[in-house]
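Beneath this line is the structure, given in structure tokens, with notes to follow.
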Amino acid sequence: MSGLMKVSSNPHIRAAITTNKIMLCVIIALLPTTIFGVVNFGLNALILVLVTIASAVLSEWVFCKICKKKSTIGDLSAVVTGLLLALNLPPSAPWWIAVIGGVFAIVVVKMLFGGLGQNFMNPALGARCFLLISFTSIMTNFDCDAYTGATPLAVLKEGGIVNVYDMVIGKTAGTIGETSMVAIVIGACFLIMVGVIDLRIPGTYIVSFVIFLVLFSGRGFDMNYISANLAGGGLMLGAFFMATDYVTRPITKKGQYLFGILLGIMTGIFRVFGASAEGVSYAIIIGNLLVPLIEKVTYPKAFGRGGEKS
């Protein structure tokens, strides 16, 4: 296909932008948080980024070769998957974790279900959750040369005090790409300006999450607590770069609002009532699984013969 069908409910409109251009825009948007993560965490973070991208791209190329299909690495989707997965890895993780994650994301979550457009969940998040379950101690160890100790959200969950300013800037422990809220928002603004994403899902996600915290966290309208939860745990990275994935989000506008509300509530449940201080990855994956149901209840009904009567 030389063009990309605009992702919307029918009638469909053919857009001039291609899949390759969309993925290139996402890569550019992720550069600020990637560069910050490498500068902040050092050489091992750079190695993880490069190895994860390489393993994702190579996995897709090998899979296409084995199945005698035309190579699809030119659409850059494998690069985006590898980069997003790398940004969700702790900076102290060994290189082989990046390889396993890249292979799992591409082969198991993406290609075995038909490739780009057929996967039922975000490949990068699927791989991250697989790594969390399989290698929990490695994936939850955020100690590195720059920082030691628990992440700010873990400290907050135990009743401690965190420095929200450091969390916004990114001078704190966490995964490679989740720490700097400023860098993530800069990239998100770029995607919004070029029209790759809009605010329906991330805006609804963030607002519903804040409302949930106010109602159920037991801290009321505590701005320090709310700000820390917004700045930490990959919420901004997930809201703008993974929840908005064209393939795994609802295509209807009403469905996207409902999807965002669902993500906000589930993230709130995981963080407030769950054992983990994070929850974004699991919330988005569960949301991905519920997308068919969301689209079923929000899909526009036809009028006229055979359709809904006015």
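Letters A, B, ... mark the chains of the structure tokens in the order given; residue numbers begin at 1 per chain; ligand numbers begin at 1, in order shown.
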
Inset, instruction - Could you give me, as a ChimeraX atom specification, the residues within 9 Å of Ile73 (chain A), counting only C-alpha atoms and dropping anything in the same chain fewer than 2 positions from it? - result: /A:57-58,60-61,71,75-79

Dump of N, CA, C and O atoms for the selected residues, as a CSV table (one decimal), in the first residue's frame:
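Listed below is the output, selection.csv:
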chain,number,residue,atom,x,y,z
A,57,VAL,N,14.3,-5.8,15.1
A,57,VAL,CA,14.4,-5.7,13.6
A,57,VAL,C,14.9,-7.0,13.0
A,57,VAL,O,14.3,-7.5,12.0
A,58,LEU,N,15.9,-7.6,13.6
A,58,LEU,CA,16.4,-8.9,13.1
A,58,LEU,C,15.4,-10.0,13.2
A,58,LEU,O,15.3,-10.8,12.3
A,60,GLU,N,12.1,-9.7,13.1
A,60,GLU,CA,11.1,-9.6,12.0
A,60,GLU,C,11.7,-10.0,10.7
A,60,GLU,O,11.0,-10.6,9.9
A,61,TRP,N,12.9,-9.6,10.4
A,61,TRP,CA,13.6,-10.0,9.1
A,61,TRP,C,13.7,-11.5,9.0
A,61,TRP,O,13.4,-12.1,7.9
A,71,SER,N,9.9,-8.9,3.2
A,71,SER,CA,10.3,-8.2,4.4
A,71,SER,C,9.5,-7.0,4.7
A,71,SER,O,9.3,-6.1,3.9
A,75,ASP,N,9.0,-0.6,7.1
A,75,ASP,CA,7.9,0.2,7.6
A,75,ASP,C,8.3,0.8,9.0
A,75,ASP,O,7.6,1.7,9.5
A,76,LEU,N,9.4,0.4,9.5
A,76,LEU,CA,10.0,1.0,10.8
A,76,LEU,C,9.2,0.6,12.1
A,76,LEU,O,9.5,1.1,13.1
A,77,SER,N,8.2,-0.2,11.9
A,77,SER,CA,7.4,-0.6,13.1
A,77,SER,C,8.2,-1.4,14.1
A,77,SER,O,8.0,-1.3,15.3
A,78,ALA,N,9.1,-2.2,13.6
A,78,ALA,CA,10.0,-3.0,14.5
A,78,ALA,C,10.9,-2.1,15.2
A,78,ALA,O,11.2,-2.4,16.4
A,79,VAL,N,11.4,-1.1,14.6
A,79,VAL,CA,12.3,-0.1,15.3
A,79,VAL,C,11.5,0.5,16.4
A,79,VAL,O,12.1,0.7,17.5

Inset, instruction - Excluding region 143-150 of chain A and residues on its chain fewer than 4 positions from it, collect all residues at most 10 Å away from it, counting only C-alpha atoms, and give them as a ChimeraX atom specification. - result: /A:40-42,44,90-93,154-156,171-174

Any idea what's packed within 12 Å of region 195-201 of chain A, counting only C-alpha atoms, ignoring anything in its chain fewer than 2 positions away? Could you give it as a short mmCIF file (atom, residue, chain, number, x, y, z; two decimals) with C-alpha atoms, in the first residue's frame?
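Contents of selection-v3.cif, freshly written:
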data_model
loop_
_atom_site.label_atom_id
_atom_site.label_comp_id
_atom_site.auth_asym_id
_atom_site.auth_seq_id
_atom_site.Cartn_x
_atom_site.Cartn_y
_atom_site.Cartn_z
CA LYS A 6 -7.08 6.84 8.20
CA VAL A 7 -7.91 4.92 11.38
CA ALA A 15 -4.56 9.76 4.18
CA ALA A 16 -1.42 10.93 2.42
CA ILE A 17 0.82 9.87 5.30
CA THR A 18 2.25 6.34 5.13
CA THR A 19 2.98 3.82 7.87
CA LYS A 21 6.21 8.23 7.94
CA ILE A 22 4.07 7.67 11.02
CA MET A 23 6.69 5.39 12.56
CA LEU A 24 9.43 7.86 11.69
CA CYS A 25 7.48 10.59 13.51
CA VAL A 26 7.16 8.35 16.57
CA ILE A 27 10.90 7.64 16.52
CA ILE A 28 11.65 11.37 16.33
CA ALA A 29 9.20 12.04 19.17
CA GLY A 187 7.85 14.31 22.16
CA ALA A 188 4.09 14.04 22.69
CA CYS A 189 3.60 17.67 21.64
CA PHE A 190 5.48 16.92 18.42
CA LEU A 191 3.17 13.98 17.63
CA ILE A 192 0.10 16.11 18.30
CA MET A 193 1.38 18.95 16.11
CA GLY A 203 -6.27 13.28 27.88
CA THR A 204 -9.13 11.06 29.06
CA TYR A 205 -6.63 8.61 30.56
CA ILE A 206 -4.86 11.26 32.63
CA VAL A 207 -8.03 13.08 33.76
CA SER A 208 -9.83 9.88 34.80
CA PHE A 209 -6.70 8.71 36.65
CA MET A 236 3.05 9.77 30.48
CA GLY A 238 2.18 4.90 28.29
CA ALA A 239 -0.56 7.48 27.78
CA PHE A 240 1.00 9.24 24.79
CA PHE A 241 3.09 6.56 23.09
CA MET A 242 1.48 3.17 23.82
CA ALA A 243 -2.18 3.68 24.61
CA THR A 244 -2.45 5.62 21.32
CA ASP A 245 -1.14 2.71 19.23
CA TYR A 246 -3.28 2.67 16.06
CA ARG A 249 -6.77 1.19 20.38
CA PRO A 250 -10.47 1.53 19.49
CA ILE A 251 -11.20 3.12 16.12
CA THR A 252 -14.41 4.89 17.16
CA LYS A 253 -14.22 8.27 18.89
CA LYS A 254 -16.60 7.23 21.67
CA GLY A 255 -14.60 4.05 22.06
CA GLN A 256 -11.37 6.02 22.46
CA TYR A 257 -12.88 8.11 25.26
CA LEU A 258 -14.17 4.95 26.95
CA PHE A 259 -10.77 3.32 26.46
CA GLY A 260 -9.03 6.26 28.13
CA ILE A 261 -11.42 6.19 31.09
CA LEU A 262 -10.91 2.44 31.47
CA LEU A 263 -7.11 2.86 31.48
CA GLY A 264 -7.28 5.63 34.07
CA ILE A 284 -2.95 -0.87 28.81
CA GLY A 287 -7.45 -2.41 27.85
#

Inset, instruction - Name all residues at most 9 Å from region 268-275 of chain A (count only C-alpha atoms; drop same-chain ones fewer than 5 positions away) and give them as number ranges by chain. - result: A: 153, 157, 208-210, 212-213, 216-217, 229, 263, 280, 282-283

Legend entry - Test item: residues at most 9 Å from region 80-85 of chain A, only C-alpha atoms, excluding those fewer than 6 positions along its chain, as a list in words: Met23, Leu24, Val26, Ile27, Leu30, Thr34, Val49, Leu50, Val51, Thr52, Ile53, Ala54, Ser55, Ala56, Val57, Ala98, Gly101, Gly102, Ala105, Ile106, Asn122, Pro123, Ala124, Leu125, Ala127, Arg128, Gly177, Phe241 and Met242 of chain A

Keeping only N, CA, C and O atoms, write those residues as a tab-separated table (two decimals), in the first residue's frame.
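Wrote selection36.tsv, looks like this:
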chain	number	residue	atom	x	y	z
A	23	MET	N	5.69	5.99	11.67
A	23	MET	CA	6.69	5.39	12.56
A	23	MET	C	7.91	6.28	12.71
A	23	MET	O	8.50	6.37	13.79
A	24	LEU	N	8.29	6.94	11.63
A	24	LEU	CA	9.43	7.86	11.69
A	24	LEU	C	9.12	9.02	12.64
A	24	LEU	O	9.99	9.45	13.42
A	26	VAL	N	7.12	8.89	15.21
A	26	VAL	CA	7.16	8.35	16.57
A	26	VAL	C	8.60	8.22	17.05
A	26	VAL	O	8.92	8.55	18.20
A	27	ILE	N	9.48	7.77	16.17
A	27	ILE	CA	10.90	7.64	16.52
A	27	ILE	C	11.48	9.01	16.88
A	27	ILE	O	12.18	9.16	17.88
A	30	LEU	N	10.33	10.15	20.22
A	30	LEU	CA	10.93	9.42	21.33
A	30	LEU	C	12.39	9.78	21.56
A	30	LEU	O	12.98	9.36	22.58
A	34	THR	N	14.77	9.32	24.95
A	34	THR	CA	15.84	8.34	24.74
A	34	THR	C	17.20	8.96	25.05
A	34	THR	O	18.01	8.38	25.78
A	49	VAL	N	19.33	0.03	24.48
A	49	VAL	CA	18.52	0.62	23.41
A	49	VAL	C	18.91	0.02	22.06
A	49	VAL	O	18.06	-0.42	21.28
A	50	LEU	N	20.22	-0.01	21.79
A	50	LEU	CA	20.70	-0.52	20.50
A	50	LEU	C	20.43	-2.02	20.34
A	50	LEU	O	20.00	-2.47	19.27
A	51	VAL	N	20.67	-2.78	21.39
A	51	VAL	CA	20.47	-4.23	21.32
A	51	VAL	C	19.00	-4.57	21.16
A	51	VAL	O	18.63	-5.47	20.38
A	52	THR	N	18.12	-3.87	21.88
A	52	THR	CA	16.69	-4.16	21.78
A	52	THR	C	16.16	-3.85	20.39
A	52	THR	O	15.40	-4.63	19.81
A	53	ILE	N	16.55	-2.71	19.84
A	53	ILE	CA	16.12	-2.35	18.48
A	53	ILE	C	16.65	-3.36	17.48
A	53	ILE	O	15.92	-3.84	16.60
A	54	ALA	N	17.93	-3.71	17.60
A	54	ALA	CA	18.54	-4.66	16.66
A	54	ALA	C	17.86	-6.03	16.75
A	54	ALA	O	17.59	-6.66	15.71
A	55	SER	N	17.57	-6.50	17.95
A	55	SER	CA	16.93	-7.82	18.09
A	55	SER	C	15.51	-7.80	17.55
A	55	SER	O	15.06	-8.78	16.94
A	56	ALA	N	14.80	-6.68	17.70
A	56	ALA	CA	13.44	-6.58	17.17
A	56	ALA	C	13.45	-6.59	15.64
A	56	ALA	O	12.68	-7.32	15.00
A	57	VAL	N	14.32	-5.78	15.06
A	57	VAL	CA	14.39	-5.69	13.60
A	57	VAL	C	14.87	-7.02	13.00
A	57	VAL	O	14.30	-7.52	12.02
A	98	ALA	N	17.36	-7.72	26.82
A	98	ALA	CA	16.92	-6.95	25.65
A	98	ALA	C	16.67	-7.85	24.45
A	98	ALA	O	15.71	-7.66	23.70
A	101	GLY	N	13.46	-9.94	25.09
A	101	GLY	CA	12.30	-9.07	24.96
A	101	GLY	C	12.00	-8.69	23.53
A	101	GLY	O	10.85	-8.70	23.09
A	102	GLY	N	13.05	-8.36	22.76
A	102	GLY	CA	12.86	-7.99	21.37
A	102	GLY	C	12.29	-9.13	20.54
A	102	GLY	O	11.38	-8.93	19.72
A	105	ALA	N	8.57	-9.76	21.61
A	105	ALA	CA	7.67	-8.70	21.14
A	105	ALA	C	7.33	-8.89	19.67
A	105	ALA	O	6.15	-8.77	19.27
A	106	ILE	N	8.33	-9.18	18.86
A	106	ILE	CA	8.11	-9.27	17.42
A	106	ILE	C	7.51	-10.62	17.00
A	106	ILE	O	6.50	-10.68	16.29
A	122	ASN	N	-0.25	-4.31	22.41
A	122	ASN	CA	0.97	-3.58	22.08
A	122	ASN	C	2.18	-4.50	22.27
A	122	ASN	O	2.39	-5.02	23.36
A	123	PRO	N	2.97	-4.74	21.22
A	123	PRO	CA	4.08	-5.70	21.32
A	123	PRO	C	5.12	-5.34	22.39
A	123	PRO	O	5.59	-6.22	23.10
A	124	ALA	N	5.46	-4.06	22.49
A	124	ALA	CA	6.46	-3.65	23.48
A	124	ALA	C	5.97	-3.90	24.90
A	124	ALA	O	6.72	-4.41	25.75
A	125	LEU	N	4.71	-3.58	25.18
A	125	LEU	CA	4.16	-3.80	26.51
A	125	LEU	C	3.96	-5.29	26.79
A	125	LEU	O	4.14	-5.75	27.91
A	127	ALA	N	5.83	-7.65	25.67
A	127	ALA	CA	7.16	-8.17	25.99
A	127	ALA	C	7.61	-7.73	27.37
A	127	ALA	O	8.22	-8.50	28.12
A	128	ARG	N	7.29	-6.49	27.74
A	128	ARG	CA	7.70	-6.01	29.06
A	128	ARG	C	7.02	-6.82	30.17
A	128	ARG	O	7.65	-7.21	31.15
A	177	GLY	N	13.34	5.17	29.87
A	177	GLY	CA	12.58	6.23	29.21
A	177	GLY	C	11.43	6.83	29.97
A	177	GLY	O	10.73	7.70	29.45
A	241	PHE	N	2.36	7.33	24.10
A	241	PHE	CA	3.09	6.56	23.09
A	241	PHE	C	2.63	5.11	22.94
A	241	PHE	O	2.94	4.48	21.93
A	242	MET	N	1.89	4.57	23.92
A	242	MET	CA	1.48	3.17	23.82
A	242	MET	C	-0.03	2.98	23.84
A	242	MET	O	-0.56	2.15	23.11

Inset, instruction - Determine, counting only C-alpha atoms, which protein, DNA and RNA residues have an atom within 9 Å of an atom of Tyr225 (chain A); residues of the same chain fewer than 3 positions away are not included. Present the result as a list in words. - result: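 Those residues are Leu156, Val162, Val164, Leu213, Arg219, Phe221, Asp222, Ala228, Asn229 and Leu230 of chain A.
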
Restricting the output to C-alpha atoms, write the selected residues as a PDB file, in the first residue's frame.
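Once written, result.pdb looks like this:
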ATOM      1  CA  LEU A 156       5.345   7.110  47.945  1.00  0.00           C
ATOM      2  CA  VAL A 162       9.396  12.275  47.137  1.00  0.00           C
ATOM      3  CA  VAL A 164       8.308  15.926  42.491  1.00  0.00           C
ATOM      4  CA  LEU A 213      -6.839   9.289  42.939  1.00  0.00           C
ATOM      5  CA  ARG A 219      -5.390  11.683  50.248  1.00  0.00           C
ATOM      6  CA  PHE A 221      -6.748  16.667  46.437  1.00  0.00           C
ATOM      7  CA  ASP A 222      -3.117  16.336  47.529  1.00  0.00           C
ATOM      8  CA  ALA A 228       4.163  12.437  41.728  1.00  0.00           C
ATOM      9  CA  ASN A 229       1.795   9.816  40.337  1.00  0.00           C
ATOM     10  CA  LEU A 230       1.547  11.669  37.025  1.00  0.00           C
TER      11      LEU A 230
END
